[in-house]
Amino acid sequence: MQSWRHRARTVVRHPEFARGAREMVGVALGIGAWGLVTGMAMVKGGLEPWAAVLMSLTVFAGTAQLAVAPLMASGAPIWVVWATALCLNLRFVIFSAQWRPYLRQLPFKRRALMSYFTADLNYVLFMRRFPEPAPAPEQIPYFWGGVLVNAGSWHLMSLLGIVLADRIPAEWGLGFAGTVALLAMTYSMLADRATWLPALLAGAAAVAAYALPLKLNMLVAIAAAVAVGTIIDHARPAQRPAR
Amino acid sequence: MSTLELVLTIAGLVLITIVTRGFFILPERELPMPAWLREGLRYAPIGALVAVIAPELVMSNGRLIGTWMDARLFGAAAATAWFVWRRDMLGTIVVGTGVMLIFRMGLGW
């Protein structure tokens, strides 16, 4: 216990902890708006408030929560609920392959704890901060700084959304703030690396394949981005980054 | 759903979060993956982000919108302009959402 506390204190005092938190604050408004909308949608979708609270605090996967709340409220079979969440979370499997080189030397318990918190924006900001896939001591405090702000603003606003579900009119379109946050995130990634073509094609694929069930259009879009990116890389072998 | 079923469903959802997020992080030994896939996966996050955004901006009720008079398009354009100008995320979110609300509340688009 003592050593755990000591380690936590060391992490929090590290300058990279503040940096991780600060960089996440830039998008926290969007995360918060999204959490608010998810909390509202879960209750408006017909989920009992206690179940919405439990789900919000434990599941910690916004897109999946948004999608399965109406299913659960309408009494869909449990396996359908699980299958939907699984499809929406498949992107995290892809992300986890990218996380591995940074985390693999840590003990199992710490890997398990950290992997639970590897949400979308933690992934995006971390990979932008540490593009080189090798472990470094400053990565851990940076990671936890981002998690504090990300999970904190998410849970707080999501609980607020559950409480205020019947008081905030849907026409305000607060979910749009979440979309714009992701847009800003995307632009900052595009500025870092020439990935315009894969991004554009992924967007077109996501719209074209929208009619697929279980939001499988997400996977079609990711596959399109990966395929086009790989082709571009191989077409310009001289410019491939050394890895 | 009964209380028990709800709790069971939610427990399963938690497990899905843990297993998907930890899929390649948790195993002790390296899971085999071809090099081209490892390289190509660098493009996955941008694909995932755009896949969430694009339908939110240009579709309603599962169809491509047929008009340019949509508050979301102006919000997105304003957000883009702000980002190009200032490179600042917080401002981008505030400006994009603000412009969208102006068009929606003011013009009813």
# chains A, B, ... in the order shown; residues from 1 in each chain; ligands from 1
$ residues_around --residues "segment 14-21 of chain B" --least-positions-apart "3" --cutoff "10 Å" --atoms "only C-alpha atoms" --output "number ranges by chain"
A: 55, 57-61, 64, 82-83, 85-97, 99, 112-119; B: 8-11, 24-26
$ closest_atom_pairs --of "chain B" --to "chain A" --cutoff "6 Å" --atoms "only C-alpha atoms" --output "Markdown table"
| residue | atom | partner | partner_atom | distance |
| --- | --- | --- | --- | --- |
| B:Met1 | CA | A:Gly75 | CA | 5.7 |
| B:Val14 | CA | A:Val59 | CA | 4.6 |
| B:Ile18 | CA | A:Tyr116 | CA | 5.6 |
| B:Thr20 | CA | A:Val93 | CA | 4.9 |
| B:Arg21 | CA | A:Phe92 | CA | 5.0 |
| B:Gly22 | CA | A:Ser115 | CA | 5.1 |
| B:Phe23 | CA | A:Val93 | CA | 5.6 |
| B:Phe24 | CA | A:Ala97 | CA | 5.0 |
| B:Ile25 | CA | A:Arg100 | CA | 4.9 |
| B:Gly40 | CA | A:Val226 | CA | 5.1 |
| B:Leu41 | CA | A:Val226 | CA | 5.9 |
| B:Tyr43 | CA | A:Val226 | CA | 5.1 |
| B:Ala44 | CA | A:Ile222 | CA | 5.3 |
| B:Gly47 | CA | A:Ile222 | CA | 4.5 |
| B:Ala48 | CA | A:Ile222 | CA | 5.5 |
| B:Val50 | CA | A:Gly203 | CA | 5.2 |
| B:Ala51 | CA | A:Ala206 | CA | 5.0 |
| B:Ile53 | CA | A:Thr179 | CA | 5.9 |
| B:Ala54 | CA | A:Gly203 | CA | 5.3 |
| B:Pro55 | CA | A:Val207 | CA | 5.5 |
| B:Met89 | CA | A:Gly26 | CA | 5.5 |
| B:Leu90 | CA | A:Gly26 | CA | 5.0 |
| B:Ile93 | CA | A:Val180 | CA | 5.5 |
| B:Thr97 | CA | A:Ala177 | CA | 5.4 |
$ write_last_selection --atoms "N, CA and C atoms" --output "PDB file, in the first residue's frame"
ATOM      1  N   MET B   1     -36.274  -5.843 -19.102  1.00  0.00           N
ATOM      2  CA  MET B   1     -35.237  -6.641 -18.448  1.00  0.00           C
ATOM      3  C   MET B   1     -35.393  -6.589 -16.949  1.00  0.00           C
ATOM      4  N   VAL B  14     -18.859  -4.505 -19.373  1.00  0.00           N
ATOM      5  CA  VAL B  14     -17.579  -4.153 -18.744  1.00  0.00           C
ATOM      6  C   VAL B  14     -16.488  -5.103 -19.235  1.00  0.00           C
ATOM      7  N   ILE B  18     -12.940  -4.366 -21.206  1.00  0.00           N
ATOM      8  CA  ILE B  18     -11.630  -4.820 -20.733  1.00  0.00           C
ATOM      9  C   ILE B  18     -10.920  -5.658 -21.791  1.00  0.00           C
ATOM     10  N   THR B  20     -11.473  -5.899 -25.147  1.00  0.00           N
ATOM     11  CA  THR B  20     -11.101  -5.225 -26.399  1.00  0.00           C
ATOM     12  C   THR B  20      -9.945  -4.250 -26.169  1.00  0.00           C
ATOM     13  N   ARG B  21      -9.990  -3.473 -25.079  1.00  0.00           N
ATOM     14  CA  ARG B  21      -8.919  -2.497 -24.843  1.00  0.00           C
ATOM     15  C   ARG B  21      -7.602  -3.183 -24.521  1.00  0.00           C
ATOM     16  N   GLY B  22      -7.689  -4.362 -23.879  1.00  0.00           N
ATOM     17  CA  GLY B  22      -6.458  -5.024 -23.470  1.00  0.00           C
ATOM     18  C   GLY B  22      -6.006  -6.121 -24.411  1.00  0.00           C
ATOM     19  N   PHE B  23      -6.698  -6.264 -25.549  1.00  0.00           N
ATOM     20  CA  PHE B  23      -6.505  -7.449 -26.389  1.00  0.00           C
ATOM     21  C   PHE B  23      -5.039  -7.766 -26.671  1.00  0.00           C
ATOM     22  N   PHE B  24      -4.285  -6.783 -27.122  1.00  0.00           N
ATOM     23  CA  PHE B  24      -2.869  -7.013 -27.414  1.00  0.00           C
ATOM     24  C   PHE B  24      -1.959  -6.529 -26.286  1.00  0.00           C
ATOM     25  N   ILE B  25      -2.547  -5.909 -25.255  1.00  0.00           N
ATOM     26  CA  ILE B  25      -1.727  -5.395 -24.149  1.00  0.00           C
ATOM     27  C   ILE B  25      -1.564  -6.453 -23.068  1.00  0.00           C
ATOM     28  N   GLY B  40       0.514  -0.736 -41.335  1.00  0.00           N
ATOM     29  CA  GLY B  40      -0.732  -0.154 -41.840  1.00  0.00           C
ATOM     30  C   GLY B  40      -1.642   0.336 -40.740  1.00  0.00           C
ATOM     31  N   LEU B  41      -1.530  -0.281 -39.549  1.00  0.00           N
ATOM     32  CA  LEU B  41      -2.411   0.089 -38.449  1.00  0.00           C
ATOM     33  C   LEU B  41      -2.184   1.522 -37.974  1.00  0.00           C
ATOM     34  N   TYR B  43      -2.640   3.921 -39.661  1.00  0.00           N
ATOM     35  CA  TYR B  43      -3.702   4.713 -40.279  1.00  0.00           C
ATOM     36  C   TYR B  43      -5.064   4.432 -39.663  1.00  0.00           C
ATOM     37  N   ALA B  44      -5.126   3.461 -38.739  1.00  0.00           N
ATOM     38  CA  ALA B  44      -6.420   3.079 -38.155  1.00  0.00           C
ATOM     39  C   ALA B  44      -7.081   4.210 -37.355  1.00  0.00           C
ATOM     40  N   GLY B  47      -8.722   6.787 -39.457  1.00  0.00           N
ATOM     41  CA  GLY B  47      -9.898   6.180 -40.093  1.00  0.00           C
ATOM     42  C   GLY B  47     -11.071   6.119 -39.130  1.00  0.00           C
ATOM     43  N   ALA B  48     -10.793   5.715 -37.886  1.00  0.00           N
ATOM     44  CA  ALA B  48     -11.863   5.588 -36.894  1.00  0.00           C
ATOM     45  C   ALA B  48     -12.473   6.943 -36.569  1.00  0.00           C
ATOM     46  N   VAL B  50     -12.499   9.746 -38.433  1.00  0.00           N
ATOM     47  CA  VAL B  50     -13.264  10.276 -39.561  1.00  0.00           C
ATOM     48  C   VAL B  50     -14.557   9.489 -39.744  1.00  0.00           C
ATOM     49  N   ALA B  51     -14.508   8.181 -39.439  1.00  0.00           N
ATOM     50  CA  ALA B  51     -15.701   7.352 -39.597  1.00  0.00           C
ATOM     51  C   ALA B  51     -16.802   7.759 -38.620  1.00  0.00           C
ATOM     52  N   ILE B  53     -17.032  10.991 -37.444  1.00  0.00           N
ATOM     53  CA  ILE B  53     -17.390  12.373 -37.746  1.00  0.00           C
ATOM     54  C   ILE B  53     -18.246  12.496 -39.002  1.00  0.00           C
ATOM     55  N   ALA B  54     -17.784  11.866 -40.107  1.00  0.00           N
ATOM     56  CA  ALA B  54     -18.401  12.116 -41.415  1.00  0.00           C
ATOM     57  C   ALA B  54     -19.920  11.905 -41.402  1.00  0.00           C
ATOM     58  N   PRO B  55     -20.427  10.763 -40.913  1.00  0.00           N
ATOM     59  CA  PRO B  55     -21.888  10.604 -40.911  1.00  0.00           C
ATOM     60  C   PRO B  55     -22.588  11.641 -40.037  1.00  0.00           C
ATOM     61  N   MET B  89      -7.485  23.824 -30.114  1.00  0.00           N
ATOM     62  CA  MET B  89      -8.614  22.896 -30.085  1.00  0.00           C
ATOM     63  C   MET B  89      -9.820  23.451 -29.346  1.00  0.00           C
ATOM     64  N   LEU B  90      -9.562  24.051 -28.190  1.00  0.00           N
ATOM     65  CA  LEU B  90     -10.677  24.555 -27.390  1.00  0.00           C
ATOM     66  C   LEU B  90     -11.466  25.588 -28.192  1.00  0.00           C
ATOM     67  N   ILE B  93     -13.633  24.042 -30.855  1.00  0.00           N
ATOM     68  CA  ILE B  93     -14.877  23.446 -30.357  1.00  0.00           C
ATOM     69  C   ILE B  93     -15.912  24.531 -30.075  1.00  0.00           C
ATOM     70  N   THR B  97     -19.308  24.867 -32.398  1.00  0.00           N
ATOM     71  CA  THR B  97     -20.609  24.644 -31.770  1.00  0.00           C
ATOM     72  C   THR B  97     -21.430  25.929 -31.765  1.00  0.00           C
TER      73      THR B  97
END
$ select_by_dssp --residues "chain B" --states "strand (DSSP E)" --output "list in words"
Met59, Ser60, Arg63 and Leu64 of chain B
$ residues_around --residues "segment 60-73 of chain B" --least-positions-apart "2" --cutoff "6 Å" --atoms "only C-alpha atoms" --output "list in words"
Val58, Gly75, Ala76, Met100, Phe103, Arg104 and Trp109 of chain B
$ write_last_selection --atoms "all heavy atoms" --output "mmCIF file, in the first residue's frame"
data_model
loop_
_atom_site.group_PDB
_atom_site.id
_atom_site.type_symbol
_atom_site.label_atom_id
_atom_site.label_comp_id
_atom_site.auth_asym_id
_atom_site.auth_seq_id
_atom_site.Cartn_x
_atom_site.Cartn_y
_atom_site.Cartn_z
ATOM 1 N N VAL B 58 -22.798 14.921 -42.385
ATOM 2 C CA VAL B 58 -23.459 15.000 -43.703
ATOM 3 C C VAL B 58 -24.656 14.060 -43.830
ATOM 4 O O VAL B 58 -25.199 13.914 -44.917
ATOM 5 C CB VAL B 58 -22.466 14.701 -44.854
ATOM 6 C CG1 VAL B 58 -21.321 15.711 -44.833
ATOM 7 C CG2 VAL B 58 -21.930 13.286 -44.770
ATOM 8 N N GLY B 75 -21.270 25.060 -39.006
ATOM 9 C CA GLY B 75 -20.496 24.857 -37.781
ATOM 10 C C GLY B 75 -19.153 24.207 -38.083
ATOM 11 O O GLY B 75 -18.101 24.648 -37.594
ATOM 12 N N ALA B 76 -19.178 23.165 -38.919
ATOM 13 C CA ALA B 76 -17.941 22.459 -39.264
ATOM 14 C C ALA B 76 -16.998 23.369 -40.044
ATOM 15 O O ALA B 76 -15.783 23.377 -39.811
ATOM 16 C CB ALA B 76 -18.263 21.207 -40.073
ATOM 17 N N MET B 100 -22.853 26.666 -35.195
ATOM 18 C CA MET B 100 -23.949 25.721 -35.462
ATOM 19 C C MET B 100 -25.214 26.172 -34.732
ATOM 20 O O MET B 100 -26.305 26.198 -35.316
ATOM 21 C CB MET B 100 -23.530 24.328 -35.000
ATOM 22 C CG MET B 100 -24.461 23.213 -35.411
ATOM 23 S SD MET B 100 -25.951 23.055 -34.403
ATOM 24 C CE MET B 100 -25.275 22.342 -32.914
ATOM 25 N N PHE B 103 -26.888 29.251 -36.397
ATOM 26 C CA PHE B 103 -27.649 28.908 -37.595
ATOM 27 C C PHE B 103 -28.920 28.123 -37.246
ATOM 28 O O PHE B 103 -29.965 28.330 -37.856
ATOM 29 C CB PHE B 103 -26.783 28.102 -38.570
ATOM 30 C CG PHE B 103 -25.952 28.972 -39.464
ATOM 31 C CD1 PHE B 103 -24.732 29.461 -39.031
ATOM 32 C CD2 PHE B 103 -26.399 29.307 -40.737
ATOM 33 C CE1 PHE B 103 -23.969 30.281 -39.835
ATOM 34 C CE2 PHE B 103 -25.635 30.123 -41.552
ATOM 35 C CZ PHE B 103 -24.404 30.611 -41.105
ATOM 36 N N ARG B 104 -28.805 27.243 -36.241
ATOM 37 C CA ARG B 104 -29.974 26.421 -35.903
ATOM 38 C C ARG B 104 -31.044 27.245 -35.197
ATOM 39 O O ARG B 104 -32.216 27.197 -35.566
ATOM 40 C CB ARG B 104 -29.545 25.254 -35.015
ATOM 41 C CG ARG B 104 -30.739 24.394 -34.613
ATOM 42 C CD ARG B 104 -30.335 23.017 -34.208
ATOM 43 N NE ARG B 104 -29.760 22.281 -35.330
ATOM 44 C CZ ARG B 104 -29.234 21.063 -35.225
ATOM 45 N NH1 ARG B 104 -29.199 20.476 -34.045
ATOM 46 N NH2 ARG B 104 -28.736 20.451 -36.258
ATOM 47 N N TRP B 109 -32.115 26.270 -39.424
ATOM 48 C CA TRP B 109 -31.576 25.278 -40.368
ATOM 49 C C TRP B 109 -31.216 23.987 -39.666
ATOM 50 O O TRP B 109 -30.612 24.000 -38.646
ATOM 51 C CB TRP B 109 -30.353 25.843 -41.091
ATOM 52 C CG TRP B 109 -30.753 26.869 -42.109
ATOM 53 C CD1 TRP B 109 -32.023 27.305 -42.384
ATOM 54 C CD2 TRP B 109 -29.886 27.603 -42.960
ATOM 55 N NE1 TRP B 109 -31.992 28.258 -43.358
ATOM 56 C CE2 TRP B 109 -30.700 28.462 -43.735
ATOM 57 C CE3 TRP B 109 -28.503 27.620 -43.164
ATOM 58 C CZ2 TRP B 109 -30.167 29.341 -44.684
ATOM 59 C CZ3 TRP B 109 -27.981 28.483 -44.095
ATOM 60 C CH2 TRP B 109 -28.802 29.331 -44.856
#
$ closest_residue --among "A:Gly145, A:Gly62, A:Pro70, A:Pro135" --to "Ile31 of chain A" --atoms "only C-alpha atoms"
A:Gly62
$ select_by_dssp --residues "segment 3-238 of chain A" --states "alpha helix (DSSP H)" --output "count of residues only"
184
$ residues_around --residues "Ser158 of chain A" --least-positions-apart "2" --cutoff "10 Å" --atoms "only C-alpha atoms" --output "list in words"
Ile31, Gly32, Ala33, Trp34, Gly35, Leu36, Val37, Thr38, Gly39, Met40, Ala41, Met42, Ala52, Val53, Ser56, Leu57, Gly62, Gly152, Ser153, Trp154, His155, Leu156, Leu160, Gly161, Ile162, Val163 and Leu164 of chain A
$ atom_distance --atom1 "atom CA of Arg42 of chain B" --atom2 "atom CA of Pro131 of chain A"
10.1 Å
$ atom_distance --atom1 "atom CA of Val99 of chain B" --atom2 "atom CA of Ile168 of chain A"
19.5 Å
$ decode --residues "segment 102-145 of chain A" --atoms "N, CA and C atoms" --output "short mmCIF file (atom, residue, chain, number, x, y, z; two decimals), in the first residue's frame"
data_model
loop_
_atom_site.label_atom_id
_atom_site.label_comp_id
_atom_site.auth_asym_id
_atom_site.auth_seq_id
_atom_site.Cartn_x
_atom_site.Cartn_y
_atom_site.Cartn_z
N TYR A 102 4.59 0.10 -25.96
CA TYR A 102 4.85 1.06 -24.89
C TYR A 102 4.67 0.42 -23.52
N LEU A 103 3.77 -0.56 -23.41
CA LEU A 103 3.34 -1.04 -22.09
C LEU A 103 3.82 -2.45 -21.75
N ARG A 104 4.39 -3.18 -22.74
CA ARG A 104 4.55 -4.62 -22.53
C ARG A 104 5.50 -4.98 -21.40
N GLN A 105 6.43 -4.09 -21.03
CA GLN A 105 7.41 -4.46 -19.99
C GLN A 105 6.83 -4.26 -18.59
N LEU A 106 5.64 -3.70 -18.47
CA LEU A 106 5.04 -3.47 -17.14
C LEU A 106 4.45 -4.76 -16.59
N PRO A 107 4.33 -4.85 -15.23
CA PRO A 107 3.69 -6.05 -14.65
C PRO A 107 2.22 -6.14 -15.08
N PHE A 108 1.68 -7.37 -15.06
CA PHE A 108 0.35 -7.63 -15.59
C PHE A 108 -0.72 -6.72 -15.00
N LYS A 109 -0.70 -6.55 -13.67
CA LYS A 109 -1.76 -5.77 -13.02
C LYS A 109 -1.78 -4.33 -13.53
N ARG A 110 -0.61 -3.76 -13.70
CA ARG A 110 -0.56 -2.37 -14.15
C ARG A 110 -0.96 -2.27 -15.61
N ARG A 111 -0.57 -3.29 -16.40
CA ARG A 111 -1.00 -3.30 -17.81
C ARG A 111 -2.52 -3.36 -17.88
N ALA A 112 -3.11 -4.21 -17.03
CA ALA A 112 -4.56 -4.37 -17.05
C ALA A 112 -5.25 -3.06 -16.67
N LEU A 113 -4.76 -2.43 -15.62
CA LEU A 113 -5.36 -1.17 -15.17
C LEU A 113 -5.26 -0.10 -16.26
N MET A 114 -4.07 0.02 -16.85
CA MET A 114 -3.87 1.06 -17.86
C MET A 114 -4.71 0.78 -19.10
N SER A 115 -4.77 -0.49 -19.50
CA SER A 115 -5.49 -0.79 -20.75
C SER A 115 -6.97 -0.44 -20.62
N TYR A 116 -7.53 -0.56 -19.41
CA TYR A 116 -8.94 -0.21 -19.20
C TYR A 116 -9.19 1.26 -19.54
N PHE A 117 -8.20 2.11 -19.33
CA PHE A 117 -8.38 3.55 -19.53
C PHE A 117 -7.94 4.05 -20.91
N THR A 118 -7.58 3.11 -21.81
CA THR A 118 -7.10 3.55 -23.12
C THR A 118 -8.27 3.90 -24.04
N ALA A 119 -8.94 5.01 -23.72
CA ALA A 119 -10.04 5.47 -24.56
C ALA A 119 -9.50 6.16 -25.82
N ASP A 120 -10.42 6.53 -26.71
CA ASP A 120 -10.00 7.07 -28.01
C ASP A 120 -9.03 8.23 -27.91
N LEU A 121 -9.41 9.25 -27.11
CA LEU A 121 -8.61 10.47 -27.12
C LEU A 121 -7.29 10.28 -26.37
N ASN A 122 -7.29 9.38 -25.37
CA ASN A 122 -6.01 9.05 -24.73
C ASN A 122 -5.06 8.47 -25.76
N TYR A 123 -5.60 7.60 -26.57
CA TYR A 123 -4.81 6.96 -27.62
C TYR A 123 -4.25 8.01 -28.59
N VAL A 124 -5.14 8.87 -29.08
CA VAL A 124 -4.73 9.84 -30.10
C VAL A 124 -3.65 10.78 -29.56
N LEU A 125 -3.89 11.32 -28.34
CA LEU A 125 -2.92 12.28 -27.79
C LEU A 125 -1.60 11.61 -27.44
N PHE A 126 -1.69 10.40 -26.88
CA PHE A 126 -0.46 9.69 -26.49
C PHE A 126 0.40 9.39 -27.71
N MET A 127 -0.22 8.91 -28.79
CA MET A 127 0.54 8.53 -29.98
C MET A 127 1.14 9.77 -30.66
N ARG A 128 0.47 10.92 -30.48
CA ARG A 128 1.01 12.14 -31.04
C ARG A 128 2.20 12.62 -30.22
N ARG A 129 2.11 12.43 -28.91
CA ARG A 129 3.19 12.87 -28.02
C ARG A 129 4.40 11.95 -28.12
N PHE A 130 4.15 10.63 -28.25
CA PHE A 130 5.24 9.65 -28.31
C PHE A 130 5.14 8.82 -29.59
N PRO A 131 5.54 9.38 -30.72
CA PRO A 131 5.39 8.63 -31.98
C PRO A 131 6.32 7.41 -32.06
N GLU A 132 7.42 7.44 -31.31
CA GLU A 132 8.36 6.32 -31.36
C GLU A 132 7.86 5.17 -30.49
N PRO A 133 7.57 3.98 -31.07
CA PRO A 133 6.96 2.90 -30.28
C PRO A 133 7.95 2.18 -29.37
N ALA A 134 8.44 2.88 -28.37
CA ALA A 134 9.35 2.28 -27.40
C ALA A 134 9.02 2.86 -26.02
N PRO A 135 9.17 2.06 -24.96
CA PRO A 135 8.83 2.58 -23.62
C PRO A 135 9.80 3.65 -23.16
N ALA A 136 9.30 4.63 -22.40
CA ALA A 136 10.12 5.67 -21.80
C ALA A 136 9.46 6.07 -20.48
N PRO A 137 10.28 6.44 -19.47
CA PRO A 137 9.71 6.69 -18.14
C PRO A 137 8.67 7.81 -18.11
N GLU A 138 8.81 8.84 -18.98
CA GLU A 138 7.87 9.96 -18.90
C GLU A 138 6.50 9.63 -19.48
N GLN A 139 6.38 8.44 -20.11
CA GLN A 139 5.10 8.08 -20.71
C GLN A 139 4.02 7.80 -19.66
N ILE A 140 4.42 7.18 -18.55
CA ILE A 140 3.44 6.79 -17.54
C ILE A 140 2.74 8.02 -16.94
N PRO A 141 3.51 9.02 -16.43
CA PRO A 141 2.82 10.21 -15.92
C PRO A 141 1.99 10.93 -16.98
N TYR A 142 2.49 11.00 -18.21
CA TYR A 142 1.71 11.65 -19.27
C TYR A 142 0.39 10.93 -19.45
N PHE A 143 0.45 9.61 -19.47
CA PHE A 143 -0.75 8.78 -19.63
C PHE A 143 -1.78 9.10 -18.55
N TRP A 144 -1.34 9.06 -17.28
CA TRP A 144 -2.28 9.24 -16.17
C TRP A 144 -2.82 10.66 -16.09
N GLY A 145 -2.02 11.64 -16.48
CA GLY A 145 -2.52 13.02 -16.53
C GLY A 145 -3.69 13.12 -17.48
#
